[in-house]
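Visitor: Starting off with a structure, shown below.
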Amino acid sequence: MSALPTPAPARTKTPRLAAIVSVTAAIALPLGLFCVILFATPLLQPALLDGFIRERLHRDPATWYWRDGVYTVALLVLAFVFANFAAIFSGILSWWERRVAGRIQSRIGPNRAGVGGFLVWIADAVKLILKEDLVPAEADQMLFRAAPYFVMVGFILTFVVLPFGESIAVSDMNVGLFFITSITALVVVGILLSGWSSNSKWALFGGMRSAAQVVSYEIPAGLAIMVPVLMAGTLSMQGIIRAQGGLPWQWFIFRNPAAFALFFIFFTSQLAEANRTPFDLPEAESELVAGYLSEYSGFRFALFFLVEWGNLWTMSAIAVTIFLGGWQIPFVPNELYAQLKGTGFPPLAWWGLEAASMLVFAAKTMVLVNVVVWLRWTLPRIRVDQMMSLCWKYLVPVSFACFLFTLLWQIAVAAVPALETAMGVGLTAVSVVLAVLFARQTHRNITAIGDRVDLSNW
Amino acid sequence: MGDRAEMAVFWIFTVPLIAASLGVVVTKNPITAAMSLVGAFFCLAGIYVLLTAHLVAFLQILVYAGAIMVLFLFVIMLLALQEEILGVSRIKVMQGFGALGCVGVFAVIYRAILATGPRMMPQVGEDYGTVKAVGRILFTQYLLPFEATSLLLLVAIVGAVVVAKQRI
């Protein structure tokens with residue numbers, strides 16, 4: 001589409017106060033949140049809390065009356081921290097996504113509130129909270145009000161097992177991955193409920209489509225999850241990461257050709273489960289107004305959107321955990337963490353290592369989050385029948401085949417361990433070559449139409 | 001977890017569990033009943049976690065609250081039942097027999113609990129209820145029932161396809 005060259009709007013200078021506030025917020029909010037998570041999560045674990053009770057409060061933790069109270073307070077603090085992480089992450093991502101959209105569609109995007117429009121997500125939140133919380137007259141009052149909470153609970157509870165670093169996870173359950181797949185089922189229930197209780201055609205269609213989509217794509221996603229579980233021999237999130245390594249050829253995605261294929265299947269299924277483009281049929285604006293969200297307003301509407309953007313973090317974090325090596329830092333063996341930690345309050349070196357592992361994990365996750373954002377503004381929406389046939393005719397059979405292949409592969413690897421390393425190095429090399437070819441083709445396409453890489457409107 | 005904390009968690013899950021279970025049978029709206037069932041499954045999973053059966057707890061949520069209830073909701077919503085259809089044709093006699101049956105089952109369970117008398121919960125090992133432990137039992141002691149169930153499910157799937165697609 002050839003648009004007329006519009007003259008650049010005259011730049012009004014951002015007021016100094018707004019500039020300072022937005023730059024400070026842009027740096028301090030993510031940094032502060034990660035710092036709080038880094039310190040709060042390992043410190044509020046039972047072992048260290050018991051130590052605190054014994055040494056500071058001079059009580060025996062086994063018999064002290066208020067120990068459960070201390071644990072409860074610690075859990076509440078952790079819940080508060082992670083709920084805020086989810087909220088602020090999705091807020092900032094909503095701004096980032098709109099900036100990227102502006103860039104991809106050759107327009108400016110939000111640029112009024114603060115430098116680069118950074119404060120726009122706060123303005124949005126204030127606006128949505130101040131709006132009237134409307135319940136349609138013919139809607140099912142109770143279920144209409146309850147639906148956003150189902151969605152919210154299904155999303156927030158994933159943070160119970162989601163790792164952020166070597167010791168930075170609220171709980172390392174032995175059924176961690178399984179916990180996530182089961183708890184996210186609540187999101188479907190919430191969406192279906194919001195669609196039905198709105199008592200509106202558009203909402204009902206949206207809810208139906210969403211439920212059909214999520215239930216279908218749960219099958220390839222579930223099968224894809226099984227392969228890293230088979231390779232690691234555990235369902236615990238941290239256990240799966242510990243079974244991998246810091247270097248690319250030690251990641252599960254490259255160690256097994258089936259896992260390489262399943263990573264893409266898993267990613268596609270997660271896109272569909274999060275109702276992201278190209279699978280955003282449930283809220284297709286051109287056909288269904290806003291799908292199951294049509295009748296919602298104010299804070300309840302905000303909750304749905306918070307979950308939608310927050311889901312990008314969880315889906316990317318799960319993909320990083322099970323396929324891309326999680327928080328593993330190259331050349332740092334798993335034993336080093338335990339050696340440095342010792343007993344009692346951990347030393348500074350351990351904290352540094354934890355911070356580094358968290359940085360690795362966050363960086364990998366943000367790369368995937370950005371891929372999802374790019375996809376949204378690159379691909380068109382697919383049709384319902386295409387969505388269904390993609391899942392049932394292609395993804396499900398292929399993931400079953402990959403699953404069976406992995407069973408045989410594990411037997412082969414048990415006999416010849418070098419096979420896994422060779423495959424890891426080989427697939428890493430293949431991916432690097434593919435990435436280089438992709439970059440070259442992109443560059444060639446840009447130069448072929450006489451354009452150039454232009455970063456001036458950032 | 002201390003005894004008091006365990007007790008607190010128990011009540012936190014039990015009271016909503018009973019309320020939700022009552023909601024399933026008492027409410028007239030089928031959607032509300034189905035949602036109460038989801039709530040009941042969720043609270044029941046909490047009780048399973050309290051009994052250190054984590055795998056069973058999350059299987060419960062995944063299979064029942066996630067898959068089966070979504071299917072239920074789907075069917076109920078597609079049927080779009082009218083208020084009039086739901087209001088009439090309630091057989092009082094059946095309700096009476098149902099209530100009688102419930103009281104009878106409750107009485108039997110109550111007697112059984114009384115007969116065993118008060119006793120402490122046994123301590124379980126470290127790997128109790130883990131995937132490994134459940135899997136080992138499933139594939140050794142209960143292999144035949146397990147395989148028979150999977151065959152049954154396969155028959156059910158094929159049956160559903162045959163019923164749905166008469167032309168095949």
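Here's how to read the names in the structure tokens: chain A, B, ... by the order shown, residue numbers from 1 in each chain, ligand numbers from 1 in the order shown.
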Give me, as a PyMOL selection string, the residues of region 29-138 of chain B that a backbone DSSP run labels alpha helix (DSSP H).
Guide: chain B and resi 30-50+54-60+69-79+83-87+92-116+131-138
Visitor: Using only C-alpha atoms, determine which residues of chain B fall within 6 Å of chain A; present them as a ChimeraX atom specification.
Guide: /B:58,61-62,66
Visitor: Within 10 Å of region 409-423 of chain A, counting only C-alpha atoms, which residues show up once you throw out same-chain ones fewer than 5 positions away? Write them as a PyMOL selection string, please.
Guide: chain A and resi 230-231+249-250+252+254-258+402-404+428-429
Visitor: Which residues are close to Ala317 (chain A), i.e. within 10 Å by only C-alpha atoms, leaving aside same-chain residues fewer than 3 positions away? Reply as a list in words.
Guide: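 The residues that qualify are Leu162, Pro163, Phe164, Asn311, Leu312, Trp313, Thr314, Val320, Thr321, Ile322, Phe323, Leu324, Gly326, Phe361, Ala362, Lys364, Thr365, Met366, Leu368 and Val369 of chain A.
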Visitor: Enter the distance from CA of Val9 (chain B) to CA of His54 (chain B), in Å, rounded to one decimal.
Guide: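 Computed distance, CA of Val9 (chain B) to CA of His54 (chain B), equals 15.1 Å.
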Visitor: Pick from B:Val25, B:Ala112, B:Leu50, B:Met120: nearest to Ala5 (chain B), with only C-alpha atoms counted?
Guide: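 Of all the options, B:Leu50 lies closest to Ala5 (chain B).
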Visitor: One decimal, Å: what's the distance from CA of Val105 (chain B) over to CA of Ile47 (chain B), could you say?
Guide: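 According to the coordinates, CA of Val105 (chain B) and CA of Ile47 (chain B) are separated by 20.8 Å.
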Visitor: For Thr52 (chain B), please output as a list in words all residues within 12 Å (counting only C-alpha atoms; exclusion window: fewer than 6 positions along the same chain).
Guide: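 Near Thr52 (chain B), the qualifying residues are Met173, Asn174 and Val175 of chain A; Met1, Glu6, Ala45, Gly46, Phe58, Met121, Pro122, Gln123, Val124, Gly125, Glu126, Asp127, Tyr128, Gly129, Thr130 and Val131 of chain B.
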Visitor: Please, could you write that set of residues out with N, CA, C and O atoms as a compact mmCIF listing (two decimals), in the first residue's frame?
Guide:
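Written output follows (out.txt):
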# COMPACT_ATOMS: atom_id res chain seq x y z
N MET A 173 7.76 -27.54 42.58
CA MET A 173 6.96 -28.75 42.77
C MET A 173 7.46 -29.87 41.87
O MET A 173 7.96 -29.61 40.77
N ASN A 174 7.27 -31.12 42.31
CA ASN A 174 7.71 -32.21 41.45
C ASN A 174 6.74 -32.45 40.29
O ASN A 174 7.01 -33.23 39.40
N VAL A 175 5.60 -31.75 40.30
CA VAL A 175 4.69 -31.85 39.16
C VAL A 175 4.52 -30.48 38.50
O VAL A 175 3.48 -30.19 37.92
N MET B 1 4.43 -28.39 57.36
CA MET B 1 3.24 -27.62 57.73
C MET B 1 2.75 -28.09 59.09
O MET B 1 2.64 -29.29 59.34
N GLU B 6 -2.49 -26.99 58.75
CA GLU B 6 -3.16 -28.02 57.97
C GLU B 6 -4.67 -27.94 58.17
O GLU B 6 -5.45 -28.04 57.23
N ALA B 45 -9.41 -30.80 44.66
CA ALA B 45 -7.98 -30.88 44.33
C ALA B 45 -7.16 -30.33 45.49
O ALA B 45 -6.10 -30.86 45.82
N GLY B 46 -7.67 -29.26 46.14
CA GLY B 46 -6.97 -28.71 47.30
C GLY B 46 -6.85 -29.75 48.41
O GLY B 46 -5.81 -29.88 49.06
N PHE B 58 -3.66 -32.47 40.49
CA PHE B 58 -3.59 -31.69 39.26
C PHE B 58 -4.21 -32.44 38.09
O PHE B 58 -4.72 -31.84 37.16
N MET B 121 -3.37 -39.79 61.30
CA MET B 121 -3.06 -40.05 59.89
C MET B 121 -1.67 -40.66 59.82
O MET B 121 -0.75 -40.18 60.49
N PRO B 122 -1.47 -41.72 59.03
CA PRO B 122 -0.12 -42.29 58.96
C PRO B 122 0.85 -41.35 58.25
O PRO B 122 0.47 -40.62 57.34
N GLN B 123 2.10 -41.38 58.70
CA GLN B 123 3.14 -40.59 58.01
C GLN B 123 3.49 -41.29 56.70
O GLN B 123 3.57 -42.50 56.64
N VAL B 124 3.66 -40.50 55.65
CA VAL B 124 4.00 -41.09 54.36
C VAL B 124 5.44 -40.75 54.00
O VAL B 124 6.02 -39.80 54.52
N GLY B 125 5.98 -41.55 53.08
CA GLY B 125 7.37 -41.36 52.68
C GLY B 125 7.56 -40.13 51.82
O GLY B 125 6.60 -39.46 51.43
N GLU B 126 8.84 -39.86 51.52
CA GLU B 126 9.18 -38.64 50.78
C GLU B 126 8.59 -38.65 49.37
O GLU B 126 8.12 -37.63 48.87
N ASP B 127 8.61 -39.84 48.72
CA ASP B 127 8.18 -39.88 47.31
C ASP B 127 6.73 -40.31 47.18
O ASP B 127 6.30 -40.69 46.10
N TYR B 128 5.96 -40.22 48.24
CA TYR B 128 4.56 -40.62 48.20
C TYR B 128 3.78 -39.66 47.30
O TYR B 128 3.91 -38.44 47.43
N GLY B 129 3.01 -40.21 46.37
CA GLY B 129 2.16 -39.36 45.53
C GLY B 129 2.88 -38.69 44.40
O GLY B 129 2.27 -37.93 43.65
N THR B 130 4.19 -38.92 44.23
CA THR B 130 4.90 -38.32 43.10
C THR B 130 4.57 -39.09 41.83
O THR B 130 4.00 -40.17 41.87
N VAL B 131 4.97 -38.49 40.70
CA VAL B 131 4.69 -39.12 39.42
C VAL B 131 5.33 -40.50 39.35
O VAL B 131 4.75 -41.47 38.88
